[in-house]
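upload02.cif, holding mmCIF, C-alpha atoms (C1' of nucleotides):
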```
data_run
loop_
_atom_site.label_atom_id
_atom_site.label_comp_id
_atom_site.auth_asym_id
_atom_site.auth_seq_id
_atom_site.Cartn_x
_atom_site.Cartn_y
_atom_site.Cartn_z
CA MET H 12 -14.14 40.12 3.31
CA LYS H 13 -13.23 37.45 5.80
CA LYS H 14 -9.53 38.10 5.47
CA GLU H 15 -7.45 38.97 8.48
CA PRO H 16 -5.70 42.33 8.66
CA MET H 17 -2.21 41.15 7.75
CA MET H 18 -3.28 39.28 4.65
CA GLN H 19 -2.99 41.24 1.44
CA ASN H 20 -3.84 40.40 -2.10
CA ILE H 21 -0.46 39.97 -3.71
CA SER H 22 0.05 38.72 -7.23
CA LEU H 23 2.06 35.61 -7.98
CA ASP H 24 4.43 37.83 -9.88
CA THR H 25 5.05 40.07 -6.90
CA LEU H 26 5.58 37.10 -4.61
CA PHE H 27 8.13 35.76 -7.05
CA GLU H 28 9.96 39.08 -7.13
CA LEU H 29 9.85 39.16 -3.36
CA SER H 30 11.52 35.78 -3.07
CA GLU H 31 14.10 36.82 -5.65
CA PHE H 32 14.79 39.91 -3.61
CA PHE H 33 15.32 37.96 -0.39
CA LYS H 34 17.73 35.67 -2.23
CA PHE H 35 20.24 38.51 -2.36
CA PHE H 36 20.37 38.42 1.43
CA GLY H 37 20.48 34.65 1.53
CA ASP H 38 24.16 34.19 0.85
CA THR H 39 26.94 34.57 3.39
CA THR H 40 29.30 36.40 1.08
CA ARG H 41 26.68 38.88 -0.04
CA ILE H 42 25.35 39.51 3.45
CA ARG H 43 28.89 40.20 4.63
CA VAL H 44 29.41 42.65 1.78
CA ILE H 45 26.10 44.33 2.53
CA HIS H 46 26.98 44.52 6.20
CA LEU H 47 30.30 46.12 5.36
CA LEU H 48 28.74 48.67 3.04
CA LEU H 49 26.24 49.69 5.70
CA SER H 50 29.06 51.74 7.17
CA GLY H 51 29.85 53.45 3.87
CA GLU H 52 31.27 52.95 0.43
CA MET H 53 34.35 50.83 -0.10
CA SER H 54 36.57 49.71 -2.96
CA VAL H 55 36.54 46.16 -4.27
CA SER H 56 40.04 45.42 -3.02
CA ALA H 57 39.23 46.86 0.39
CA ILE H 58 36.13 44.68 0.65
CA ALA H 59 38.10 41.62 -0.38
CA GLU H 60 40.83 42.35 2.15
CA LYS H 61 38.44 43.15 4.96
CA LEU H 62 36.42 39.98 4.39
CA ASN H 63 39.44 37.86 3.56
CA LEU H 64 37.99 36.84 0.21
CA GLU H 65 39.42 36.50 -3.28
CA GLN H 66 38.95 39.59 -5.42
CA SER H 67 37.19 37.47 -7.99
CA VAL H 68 34.64 36.25 -5.48
CA VAL H 69 33.86 39.79 -4.41
CA SER H 70 33.58 41.04 -7.98
CA HIS H 71 31.23 38.25 -8.93
CA GLN H 72 28.94 38.92 -6.00
CA LEU H 73 29.10 42.67 -6.52
CA ARG H 74 27.96 42.15 -10.06
CA ILE H 75 24.89 40.30 -8.79
CA LEU H 76 24.11 43.08 -6.33
CA ARG H 77 24.83 45.72 -8.96
CA THR H 78 22.54 44.10 -11.51
CA ALA H 79 19.78 44.17 -8.92
CA ASN H 80 20.50 47.85 -8.20
CA LEU H 81 21.34 47.10 -4.62
CA VAL H 82 24.81 48.61 -4.92
CA LYS H 83 26.16 51.40 -7.05
CA PRO H 84 29.74 51.69 -8.33
CA THR H 85 31.71 54.91 -8.60
CA ARG H 86 35.08 54.92 -10.30
CA ASP H 87 37.92 56.93 -8.87
CA GLY H 88 41.06 56.32 -10.83
CA ARG H 89 41.76 52.64 -10.90
CA LYS H 90 39.57 51.93 -7.92
CA ILE H 91 35.87 51.42 -7.98
CA TYR H 92 33.95 52.26 -4.87
CA TYR H 93 30.73 50.45 -4.14
CA ALA H 94 27.94 51.86 -2.04
CA LEU H 95 24.50 50.62 -1.10
CA ASP H 96 21.98 52.00 -3.55
CA ASP H 97 18.71 51.23 -1.87
CA GLU H 98 17.24 52.83 1.20
CA HIS H 99 15.51 49.60 2.20
CA ILE H 100 18.60 47.46 2.52
CA GLY H 101 19.56 48.64 5.98
CA GLU H 102 16.00 48.26 7.17
CA ILE H 103 15.71 44.71 5.93
CA PHE H 104 19.13 43.78 7.23
CA ASN H 105 18.32 45.13 10.67
CA THR H 106 14.90 43.50 10.79
CA GLY H 107 16.47 40.13 10.10
CA LEU H 108 19.27 40.81 12.52
CA ALA H 109 16.79 41.65 15.27
CA HIS H 110 15.23 38.26 14.73
CA ILE H 111 18.54 36.43 14.97
CA LEU H 112 19.66 38.29 18.06
CA HIS H 113 16.29 37.81 19.70
CA LYS H 114 16.44 34.11 18.96
CA LYS H 115 19.93 33.84 20.42
CA LYS H 116 18.70 35.14 23.75
CA GLY H 117 16.24 32.23 23.97
CA MET W 4 13.73 57.06 15.04
CA LYS W 5 17.17 56.62 13.60
CA LYS W 6 17.37 56.68 9.85
CA GLU W 7 20.95 55.76 9.09
CA PRO W 8 21.83 52.16 9.93
CA MET W 9 24.89 52.26 12.13
CA MET W 10 27.59 49.73 11.56
CA GLN W 11 27.61 47.18 14.29
CA ASN W 12 30.09 44.57 15.29
CA ILE W 13 28.45 41.40 14.17
CA SER W 14 30.19 38.07 14.37
CA LEU W 15 30.81 35.95 11.32
CA ASP W 16 28.62 33.34 12.93
CA THR W 17 25.71 35.74 13.30
CA LEU W 18 26.07 36.94 9.72
CA PHE W 19 25.99 33.34 8.59
CA GLU W 20 22.82 32.69 10.58
CA LEU W 21 21.34 35.84 9.13
CA SER W 22 21.93 34.72 5.57
CA GLU W 23 20.54 31.29 6.43
CA PHE W 24 17.47 32.98 7.84
CA PHE W 25 16.89 35.05 4.70
CA LYS W 26 17.19 31.91 2.61
CA PHE W 27 13.84 30.75 3.96
CA PHE W 28 12.24 33.76 2.29
CA GLY W 29 14.25 33.29 -0.88
CA ASP W 30 12.13 30.61 -2.48
CA THR W 31 8.88 31.15 -4.33
CA THR W 32 7.12 28.16 -2.84
CA ARG W 33 8.07 29.06 0.70
CA ILE W 34 7.22 32.73 0.33
CA ARG W 35 3.82 31.76 -1.03
CA VAL W 36 3.25 29.45 1.92
CA ILE W 37 4.35 32.15 4.33
CA HIS W 38 2.10 34.65 2.64
CA LEU W 39 -0.82 32.29 2.94
CA LEU W 40 -0.18 31.61 6.61
CA LEU W 41 -0.06 35.32 7.36
CA SER W 42 -3.85 35.18 7.29
CA GLY W 43 -4.01 32.30 9.72
CA GLU W 44 -3.34 28.60 10.15
CA MET W 45 -4.12 26.16 7.38
CA SER W 46 -3.91 22.42 6.76
CA VAL W 47 -1.33 20.92 4.40
CA SER W 48 -3.94 19.85 1.86
CA ALA W 49 -5.59 23.27 1.97
CA ILE W 50 -2.25 24.96 1.33
CA ALA W 51 -1.51 22.62 -1.55
CA GLU W 52 -4.91 23.21 -3.08
CA LYS W 53 -4.81 26.96 -2.61
CA LEU W 54 -1.35 27.23 -4.15
CA ASN W 55 -1.98 24.57 -6.75
CA LEU W 56 1.03 22.54 -5.64
CA GLU W 57 1.65 18.84 -5.05
CA GLN W 58 1.12 17.78 -1.46
CA SER W 59 4.65 16.45 -1.42
CA VAL W 60 6.11 19.78 -2.41
CA VAL W 61 4.22 21.54 0.34
CA SER W 62 5.19 18.96 2.95
CA HIS W 63 8.86 19.19 2.02
CA GLN W 64 8.89 22.96 2.27
CA LEU W 65 6.87 22.90 5.49
CA ARG W 66 9.45 20.61 6.99
CA ILE W 67 12.15 23.17 6.20
CA LEU W 68 10.13 25.95 7.78
CA ARG W 69 9.20 23.74 10.72
CA THR W 70 12.81 22.75 11.38
CA ALA W 71 13.67 26.43 11.48
CA ASN W 72 10.80 27.06 13.89
CA LEU W 73 9.14 29.41 11.46
CA VAL W 74 5.93 27.39 11.41
CA LYS W 75 4.25 25.23 14.03
CA PRO W 76 2.07 22.20 13.35
CA THR W 77 -1.05 21.28 15.28
CA ARG W 78 -2.75 18.01 14.64
CA ASP W 79 -6.51 17.80 14.53
CA GLY W 80 -7.62 14.35 13.56
CA ARG W 81 -5.99 13.42 10.30
CA LYS W 82 -5.26 16.99 9.39
CA ILE W 83 -2.31 18.98 10.50
CA TYR W 84 -2.69 22.71 10.68
CA TYR W 85 0.35 24.89 10.21
CA ALA W 86 0.67 28.36 11.63
CA LEU W 87 3.45 30.91 11.63
CA ASP W 88 5.47 30.52 14.79
CA ASP W 89 7.57 33.65 14.81
CA GLU W 90 6.46 37.21 15.41
CA HIS W 91 9.13 38.57 13.08
CA ILE W 92 7.98 36.80 9.95
CA GLY W 93 5.22 39.22 9.11
CA GLU W 94 7.51 42.15 9.75
CA ILE W 95 10.22 40.86 7.47
CA PHE W 96 7.75 39.86 4.80
CA ASN W 97 6.17 43.30 4.81
CA THR W 98 9.49 45.12 4.83
CA GLY W 99 10.55 43.24 1.73
CA LEU W 100 7.16 43.71 0.16
CA ALA W 101 7.33 47.46 0.72
CA HIS W 102 10.59 47.48 -1.20
CA ILE W 103 9.15 45.56 -4.14
CA LEU W 104 6.03 47.70 -4.33
CA HIS W 105 8.04 50.89 -4.03
CA LYS W 106 10.36 49.72 -6.79
CA LYS W 107 7.40 48.90 -9.04
CA LYS W 108 6.19 52.49 -8.85
CA GLY W 109 9.50 53.67 -10.28
"C1'" DT I 23 -9.42 -5.20 11.44
"C1'" DG I 24 -9.14 -3.11 6.85
"C1'" DA I 25 -9.76 0.67 3.79
"C1'" DA I 26 -9.48 5.48 3.02
"C1'" DT I 27 -7.51 9.88 4.04
"C1'" DA I 28 -3.84 13.17 5.40
"C1'" DC I 29 0.66 13.96 5.77
"C1'" DA I 30 5.81 12.85 5.90
"C1'" DT I 31 9.94 11.30 3.96
"C1'" DG I 32 13.87 9.08 1.32
"C1'" DA I 33 16.21 8.71 -3.04
"C1'" DA I 34 17.09 10.17 -7.59
"C1'" DC I 35 17.27 13.69 -10.68
"C1'" DA I 36 17.59 18.27 -12.52
"C1'" DA I 37 18.36 23.00 -12.02
"C1'" DC I 38 20.79 26.47 -10.09
"C1'" DA I 39 24.37 29.09 -7.69
"C1'" DA I 40 29.03 29.96 -5.74
"C1'" DT I 41 33.88 29.52 -6.16
"C1'" DT I 42 38.16 28.85 -8.66
"C1'" DC I 43 41.26 29.76 -12.19
"C1'" DA I 44 42.71 32.00 -16.09
"C1'" DT I 45 42.39 35.88 -18.67
"C1'" DA I 46 40.54 40.35 -20.26
"C1'" DT I 47 39.80 45.33 -19.77
"C1'" DA I 48 40.65 49.89 -17.93
"C1'" DT I 49 43.46 53.25 -15.73
"C1'" DA I 50 47.67 55.51 -13.98
"C1'" DC I 51 52.20 56.60 -14.31
"C1'" DA I 52 57.07 56.19 -15.58
"C1'" DT A 8 54.53 53.31 -25.17
"C1'" DG A 9 55.12 49.64 -21.53
"C1'" DT A 10 54.27 48.04 -16.99
"C1'" DA A 11 51.80 47.70 -12.76
"C1'" DT A 12 47.46 47.95 -10.47
"C1'" DA A 13 42.40 47.46 -9.94
"C1'" DT A 14 38.53 45.29 -11.35
"C1'" DA A 15 35.56 42.34 -14.42
"C1'" DT A 16 34.31 38.23 -16.58
"C1'" DG A 17 33.97 33.52 -18.91
"C1'" DA A 18 34.36 28.62 -18.30
"C1'" DA A 19 34.77 24.72 -15.55
"C1'" DT A 20 33.93 22.66 -11.35
"C1'" DT A 21 31.68 21.82 -7.26
"C1'" DG A 22 28.11 22.26 -3.98
"C1'" DT A 23 23.45 23.11 -2.89
"C1'" DT A 24 18.52 23.04 -3.39
"C1'" DG A 25 13.87 22.01 -5.16
"C1'" DT A 26 10.89 18.76 -7.29
"C1'" DT A 27 9.28 14.22 -8.48
"C1'" DC A 28 8.05 9.73 -7.55
"C1'" DA A 29 7.34 6.05 -4.67
"C1'" DT A 30 6.40 4.62 -0.33
"C1'" DG A 31 5.83 4.93 4.74
"C1'" DT A 32 3.27 6.35 8.95
"C1'" DA A 33 -0.67 8.05 11.56
"C1'" DT A 34 -5.50 8.62 12.09
"C1'" DT A 35 -10.44 7.87 11.34
"C1'" DC A 36 -14.30 5.18 10.60
"C1'" DA A 37 -16.94 1.32 8.87
#
```

How does the structure come out when it is put into structure tokens?
Amino acid sequence: MKKEPMMQNISLDTLFELSEFFKFFGDTTRIRVIHLLLSGEMSVSAIAEKLNLEQSVVSHQLRILRTANLVKPTRDGRKIYYALDDEHIGEIFNTGLAHILHKKKG
Amino acid sequence: MKKEPMMQNISLDTLFELSEFFKFFGDTTRIRVIHLLLSGEMSVSAIAEKLNLEQSVVSHQLRILRTANLVKPTRDGRKIYYALDDEHIGEIFNTGLAHILHKKKG
DNA sequence: TGAATACATGAACAACAATTCATATATACA
DNA sequence: TGTATATATGAATTGTTGTTCATGTATTCA
């Protein structure tokens, strides 16, 4: 046991999943959607309007997040409201944000 | 200890940087390199051997991480040792890992 | 010097991912 | 029913990214 404390034995498979998971945060459109949903659920059209994006773009990215179970849709009439569906999302977002803000200070 | 992530006013520019930052973690090769370096510095050839990757692949990815100041090279003779150069990397890695492991449990 | 070793890098290629555009589906309401 | 609204989705296009291959640079040592 000459390993340092932070090092863990992690399978190749898990590391792959981990990188796949971080990919969801590695796109400007998706991170903006995630950021928006941190304050609560919102309909597709509202997201599109707020972010000044085409509805199609938002729907496509929501599908990616939905497939990964990061967001959850709820229909109400014609509208579909999306909410974050993972308790870790805010934590990860904020951890990354702390890094960026810290870096900005120099 | 706040649980709910409060919505913050974050500039478009910062959100873009944030997504760019997460991209570094969104690649299997890079996440494996990062994981390896969590246990301490290591030479390029050692990384390549340990991960069973071409030296060229490792060098290319190290350049990306180096440019982003996520790793720091130190030359010792012909070898160049790379170490993580950001205190947040381990935190972000582990936060994401916790999510993956939690998800695996069901 | 010259050869060997360690690493970096540029260009080409292939794989992948995001957006656009057109269209499809589902719902509400007249 | 028919029309308008809200969202989803497929296909094509474009842009981006990772790997491969070949080669270049730096260092050591004989």

Test item: the PyMOL selection byres ((chain A and resi 14-29) around 7) resolved as a ChimeraX atom specification: /H:70 /W:60 /A:13,30

Identify every residue of chain H that has at least one atom within 12 Å of any atom of chain I, counting all atoms listed in the file, and report the result as a list in words.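 Every residue meeting the condition is included here: Lys34, Phe35, Gly37, Asp38, Thr39, Thr40, Arg41, Leu64, Glu65, Gln66, Ser67, Val68, Val69, Ser70, His71, Gln72, Ile75, Arg86, Asp87, Gly88, Arg89, Lys90 and Ile91 of chain H.
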
Rotate and translate chain W onto chain H via least squares on all in-order Cα pairs, then write the result as an mmCIF file with C-alpha atoms, in the coordinates of the input.
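Saved result, superposed33.cif, follows:
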```
data_model
loop_
_atom_site.group_PDB
_atom_site.id
_atom_site.type_symbol
_atom_site.label_atom_id
_atom_site.label_comp_id
_atom_site.auth_asym_id
_atom_site.auth_seq_id
_atom_site.Cartn_x
_atom_site.Cartn_y
_atom_site.Cartn_z
ATOM 1 C CA MET W 4 -0.637 49.694 12.946
ATOM 2 C CA LYS W 5 -2.048 46.450 11.688
ATOM 3 C CA LYS W 6 -0.648 43.353 13.287
ATOM 4 C CA GLU W 7 -2.140 40.516 11.295
ATOM 5 C CA PRO W 8 -0.848 40.289 7.728
ATOM 6 C CA MET W 9 -3.865 40.223 5.468
ATOM 7 C CA MET W 10 -3.855 37.898 2.534
ATOM 8 C CA GLN W 11 -3.433 39.796 -0.656
ATOM 9 C CA ASN W 12 -3.885 38.842 -4.241
ATOM 10 C CA ILE W 13 -0.364 38.604 -5.482
ATOM 11 C CA SER W 14 0.457 37.382 -8.945
ATOM 12 C CA LEU W 15 2.633 34.367 -9.539
ATOM 13 C CA ASP W 16 5.030 36.687 -11.292
ATOM 14 C CA THR W 17 5.324 38.965 -8.278
ATOM 15 C CA LEU W 18 5.841 36.025 -5.938
ATOM 16 C CA PHE W 19 8.595 34.804 -8.210
ATOM 17 C CA GLU W 20 10.271 38.213 -8.163
ATOM 18 C CA LEU W 21 9.912 38.266 -4.410
ATOM 19 C CA SER W 22 11.704 34.966 -3.989
ATOM 20 C CA GLU W 23 14.390 36.128 -6.412
ATOM 21 C CA PHE W 24 14.794 39.256 -4.334
ATOM 22 C CA PHE W 25 15.213 37.317 -1.087
ATOM 23 C CA LYS W 26 17.832 35.152 -2.752
ATOM 24 C CA PHE W 27 20.211 38.106 -2.741
ATOM 25 C CA PHE W 28 20.111 38.042 1.054
ATOM 26 C CA GLY W 29 20.393 34.272 1.172
ATOM 27 C CA ASP W 30 24.131 33.989 0.738
ATOM 28 C CA THR W 31 26.731 34.512 3.429
ATOM 29 C CA THR W 32 29.127 36.441 1.239
ATOM 30 C CA ARG W 33 26.457 38.783 -0.037
ATOM 31 C CA ILE W 34 24.906 39.374 3.365
ATOM 32 C CA ARG W 35 28.335 40.221 4.733
ATOM 33 C CA VAL W 36 28.908 42.671 1.899
ATOM 34 C CA ILE W 37 25.497 44.210 2.452
ATOM 35 C CA HIS W 38 26.153 44.465 6.150
ATOM 36 C CA LEU W 39 29.429 46.204 5.493
ATOM 37 C CA LEU W 40 27.888 48.673 3.069
ATOM 38 C CA LEU W 41 25.198 49.579 5.576
ATOM 39 C CA SER W 42 27.833 51.772 7.201
ATOM 40 C CA GLY W 43 28.704 53.504 3.966
ATOM 41 C CA GLU W 44 30.369 53.066 0.595
ATOM 42 C CA MET W 45 33.557 51.077 0.258
ATOM 43 C CA SER W 46 35.992 50.073 -2.477
ATOM 44 C CA VAL W 47 36.193 46.501 -3.771
ATOM 45 C CA SER W 48 39.653 45.928 -2.320
ATOM 46 C CA ALA W 49 38.588 47.352 1.037
ATOM 47 C CA ILE W 50 35.590 45.023 1.132
ATOM 48 C CA ALA W 51 37.752 42.049 0.238
ATOM 49 C CA GLU W 52 40.287 42.922 2.895
ATOM 50 C CA LYS W 53 37.703 43.622 5.565
ATOM 51 C CA LEU W 54 35.881 40.359 4.895
ATOM 52 C CA ASN W 55 39.034 38.393 4.245
ATOM 53 C CA LEU W 56 37.825 37.270 0.825
ATOM 54 C CA GLU W 57 39.456 36.989 -2.593
ATOM 55 C CA GLN W 58 38.961 40.053 -4.752
ATOM 56 C CA SER W 59 37.422 37.841 -7.391
ATOM 57 C CA VAL W 60 34.805 36.524 -5.021
ATOM 58 C CA VAL W 61 33.821 40.021 -4.005
ATOM 59 C CA SER W 62 33.680 41.254 -7.593
ATOM 60 C CA HIS W 63 31.488 38.347 -8.655
ATOM 61 C CA GLN W 64 29.030 38.915 -5.843
ATOM 62 C CA LEU W 65 29.062 42.677 -6.391
ATOM 63 C CA ARG W 66 28.136 42.095 -9.991
ATOM 64 C CA ILE W 67 25.088 40.118 -8.865
ATOM 65 C CA LEU W 68 24.049 42.867 -6.484
ATOM 66 C CA ARG W 69 24.804 45.534 -9.074
ATOM 67 C CA THR W 70 22.741 43.802 -11.756
ATOM 68 C CA ALA W 71 19.850 43.747 -9.320
ATOM 69 C CA ASN W 72 20.359 47.443 -8.595
ATOM 70 C CA LEU W 73 21.025 46.742 -4.956
ATOM 71 C CA VAL W 74 24.429 48.410 -5.064
ATOM 72 C CA LYS W 75 25.786 51.276 -7.138
ATOM 73 C CA PRO W 76 29.395 51.724 -8.221
ATOM 74 C CA THR W 77 31.230 55.028 -8.380
ATOM 75 C CA ARG W 78 34.651 55.197 -9.882
ATOM 76 C CA ASP W 79 37.326 57.332 -8.308
ATOM 77 C CA GLY W 80 40.605 56.868 -10.071
ATOM 78 C CA ARG W 81 41.462 53.206 -10.101
ATOM 79 C CA LYS W 82 39.148 52.413 -7.250
ATOM 80 C CA ILE W 83 35.492 51.740 -7.512
ATOM 81 C CA TYR W 84 33.360 52.494 -4.516
ATOM 82 C CA TYR W 85 30.187 50.529 -3.978
ATOM 83 C CA ALA W 86 27.233 51.825 -2.042
ATOM 84 C CA LEU W 87 23.807 50.428 -1.305
ATOM 85 C CA ASP W 88 21.383 51.696 -3.900
ATOM 86 C CA ASP W 89 18.042 50.780 -2.415
ATOM 87 C CA GLU W 90 16.325 52.287 0.594
ATOM 88 C CA HIS W 91 14.684 48.979 1.473
ATOM 89 C CA ILE W 92 17.854 46.993 1.982
ATOM 90 C CA GLY W 93 18.543 48.221 5.474
ATOM 91 C CA GLU W 94 14.939 47.664 6.447
ATOM 92 C CA ILE W 95 14.891 44.100 5.222
ATOM 93 C CA PHE W 96 18.269 43.347 6.722
ATOM 94 C CA ASN W 97 17.186 44.652 10.107
ATOM 95 C CA THR W 98 13.845 42.873 10.024
ATOM 96 C CA GLY W 99 15.602 39.581 9.440
ATOM 97 C CA LEU W 100 18.221 40.403 12.017
ATOM 98 C CA ALA W 101 15.553 41.133 14.616
ATOM 99 C CA HIS W 102 14.178 37.662 14.007
ATOM 100 C CA ILE W 103 17.554 35.984 14.446
ATOM 101 C CA LEU W 104 18.383 37.916 17.598
ATOM 102 C CA HIS W 105 14.947 37.283 19.047
ATOM 103 C CA LYS W 106 15.285 33.582 18.302
ATOM 104 C CA LYS W 107 18.701 33.474 19.979
ATOM 105 C CA LYS W 108 17.204 34.717 23.235
ATOM 106 C CA GLY W 109 14.873 31.724 23.292
#
```

Any idea what the distance is between CA of Phe96 (chain W) and CA of Gly51 (chain H)? 26.0 Å

Please report the interatomic distance between CA of Phe36 (chain H) and CA of Ser56 (chain H) in Å with one decimal.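 A separation of 21.3 Å between them.
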
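Comparing the minimum interatomic distances between Ala49 (chain W) and each of W:Leu100, W:Ser14, W:Val36, W:Glu23, counting only C-alpha atoms, we find that W:Val36 sits nearest.
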
Per residue of chain H within 9 Å of chain W, record the nearest atom pair and its distance in Å to one decimal, counting all atoms listed in the file, with rows in chain order and ascending residue number, as a Markdown table.
```
| residue | atom | partner | partner_atom | distance |
| --- | --- | --- | --- | --- |
| H:Lys14 | CA | W:Ser42 | CA | 6.6 |
| H:Glu15 | CA | W:Ser42 | CA | 5.4 |
| H:Pro16 | CA | W:Ser42 | CA | 7.5 |
| H:Met17 | CA | W:Ser42 | CA | 6.2 |
| H:Met18 | CA | W:Ser42 | CA | 4.9 |
| H:Gln19 | CA | W:His38 | CA | 8.4 |
| H:Ile21 | CA | W:His38 | CA | 8.7 |
| H:Leu23 | CA | W:Arg35 | CA | 8.1 |
| H:Thr25 | CA | W:Ile103 | CA | 7.4 |
| H:Leu26 | CA | W:Arg35 | CA | 6.7 |
| H:Phe27 | CA | W:Thr31 | CA | 5.4 |
| H:Glu28 | CA | W:Ile103 | CA | 7.2 |
| H:Leu29 | CA | W:Leu100 | CA | 6.4 |
| H:Ser30 | CA | W:Gly29 | CA | 4.3 |
| H:Glu31 | CA | W:Gly29 | CA | 5.9 |
| H:Phe32 | CA | W:Gly29 | CA | 7.2 |
| H:Phe33 | CA | W:Gly29 | CA | 4.8 |
| H:Lys34 | CA | W:Gly29 | CA | 4.4 |
| H:Phe35 | CA | W:Gly29 | CA | 8.1 |
| H:Phe36 | CA | W:Ser22 | CA | 5.8 |
| H:Gly37 | CA | W:Ser22 | CA | 4.3 |
| H:Asp38 | CA | W:Ser22 | CA | 5.2 |
| H:Thr39 | CA | W:Phe19 | CA | 5.4 |
| H:Thr40 | CA | W:Phe19 | CA | 8.8 |
| H:Arg41 | CA | W:Ser22 | CA | 8.4 |
| H:Ile42 | CA | W:Ser22 | CA | 6.3 |
| H:Arg43 | CA | W:Leu18 | CA | 6.7 |
| H:His46 | CA | W:Met10 | CA | 7.5 |
| H:Leu47 | CA | W:Met10 | CA | 7.7 |
| H:Leu48 | CA | W:Met10 | CA | 8.7 |
| H:Leu49 | CA | W:Met10 | CA | 6.0 |
| H:Ser50 | CA | W:Met10 | CA | 5.0 |
| H:Gly51 | CA | W:Met10 | CA | 8.8 |
| H:Asp97 | CA | W:His102 | CA | 9.0 |
| H:Glu98 | CA | W:His102 | CA | 8.9 |
| H:His99 | CA | W:His102 | CA | 6.3 |
| H:Ile100 | CA | W:His102 | CA | 8.8 |
| H:Gly101 | CA | W:Pro8 | CA | 5.8 |
| H:Glu102 | CA | W:Pro8 | CA | 7.5 |
| H:Ile103 | CA | W:Thr98 | CA | 6.3 |
| H:Phe104 | CA | W:Leu21 | CA | 8.5 |
| H:Asn105 | CA | W:Pro8 | CA | 7.9 |
| H:Thr106 | CA | W:Ile95 | CA | 6.3 |
| H:Gly107 | CA | W:Leu21 | CA | 6.6 |
| H:Leu108 | CA | W:Leu21 | CA | 6.4 |
| H:Ala109 | CA | W:His91 | CA | 8.5 |
| H:His110 | CA | W:His91 | CA | 6.3 |
| H:Ile111 | CA | W:Leu21 | CA | 6.5 |
| H:Leu112 | CA | W:Thr17 | CA | 8.1 |
```

Quick one: distance from CA of Glu44 (chain W) to CA of Ala86 (chain W) in Å, one decimal? 4.3 Å
